[in-house]
Amino acid sequence: MADIVLDKVSKSFPDGTVAVREVDLEIADGEFVILVGPSGCGKSTTLNMIAGLEDISSGELRIAGERVNDKAPRDRDIAMVFQSYALYPNMTVRENMAFPLRLAKLDKATIDQKVDEAAKVLELTALLDRKPANLSGGQRQRVAMGRAIVRSPKAFLMDEPLSNLDAKLRVQMRTVVSRLQKQLGTTTVYVTHDQTEAMTLGDRVVIMRGGAVQQVGPPQELYDHPANLFVAGFIGSPSMNFLRATVAEGKLRTALGDLPLGDRVRRELESENAPRELILGIRPEHFEDAELVDEAARGRGYEFELPVDIVESMGSDKYVYFTVEGERASSAELEELAADTGVDFGGDAANLVTRLSAESPVTEGEHRRVWFNLDKIHLFDPADGRNLT
Ligand code: ATP
């Protein structure tokens, strides 16, 4: 058993920076967990504390049930894979992979056997006699992973291992990492700032911001039920649209029109402290060209008409941008969110991003009727960003 438990783990640096705040996390034996969030959110520091490369300021870290706060990195029996491959240039692939086993003073026959096994899993057998300089980026990263797996450690910790690779190779290597983790069944904690990697790789995703955990859950759950504005804006590409909304006369007044309030939302708003000013969130993929919506679905949605700004054909679908005048959400929370995520949530006028079917005959400059699914909308409290739906 090699579960990893963080119990109110915090990290303050001597200059007063609080990089990680009271993080609680239970990672099960064999689980693949992704730490994701914008630059500076504390994900690398969290990983480094698990590795023992950074001291823990307060809280407790347990690996396989044992408190390891004060244990040296080499005694924790975990292997780290970094963004920079950190291979020895003068050693062959075989020697690089054998290095940790030689340090552990294993006999030559055992070392050869373990390296051969790892090379097979990572499809490196034909490259064992090459030097790192004669390998591609993806191959080098596979060697770095090979060096981590030969030791059969209790856990793997990976810090942005794919971010030095070009986009195509990154996609290929994602499947390598995913397959490897399943095959070995070793507890893995993986840090990335890339939400696509987070959504495709892990069993569970931990979303961090400002040193604190925002939400933990399987990728689909984070997508379907984001806990707050931050998670909603961070997960999904293109990002969720946010619009200001006011509850008036049992309807939701927005720049797209007055929306009927579904039962679920109405119940939530009837609770005592429910705000009257809200932020409406709609994902681009939950819109459709009104012409293409079948009758059965039509009743579950809402239609509006807006001028078409830009049409981007993606082959499988179309990204269509509409101009919405005024009424964009611009709470302090959204401004901060924009700074964190790089997503422009708009000022007085801004684009509404929609993803419509490729068959939509939409053209730039026209007014187009668009439908969206009311069951899929989210409503956020602008005061604290909490998702009320
Ligand atoms: P990135 O994706 O940019 O690596 P991150 O989420 O991994 O970001 P960390 O590297 O964990 O973030 O840093 C978290 C915070 O701690 C940042 O504000 C960073 O500036 C700060 N920090 C990191 N190391 C130190 C240090 N040695 N002294 C002071 N502050 C530090």
# chains A, B, ... in the order shown; residues from 1 in each chain; ligands from 1
>>> residues_near_ligand(ligand="ligand 1", cutoff="6 Å", atoms="only C-alpha atoms and all ligand atoms", output="number ranges by chain")
A: 13, 15, 17, 19, 39-45, 193
>>> residues_around(residues="Gln83 of chain A", least_positions_apart="4", cutoff="9 Å", atoms="only C-alpha atoms", output="MDAnalysis selection string")
chainID A and resid 141 158:164
>>> atom_distance(atom1="atom CA of Arg170 of chain A", atom2="atom CA of Glu54 of chain A")
28.2 Å
>>> atom_distance(atom1="atom CA of Asp289 of chain A", atom2="atom CA of Leu356 of chain A")
6.1 Å
>>> closest_residue(among="A:Pro153, A:Gly185, A:Gly137, A:Gly202", to="Leu165 of chain A", atoms="only C-alpha atoms")
A:Gly137
>>> closest_residue(among="A:Ile207, A:Leu184, A:Val362, A:Met240", to="Leu306 of chain A", atoms="only C-alpha atoms")
A:Val362
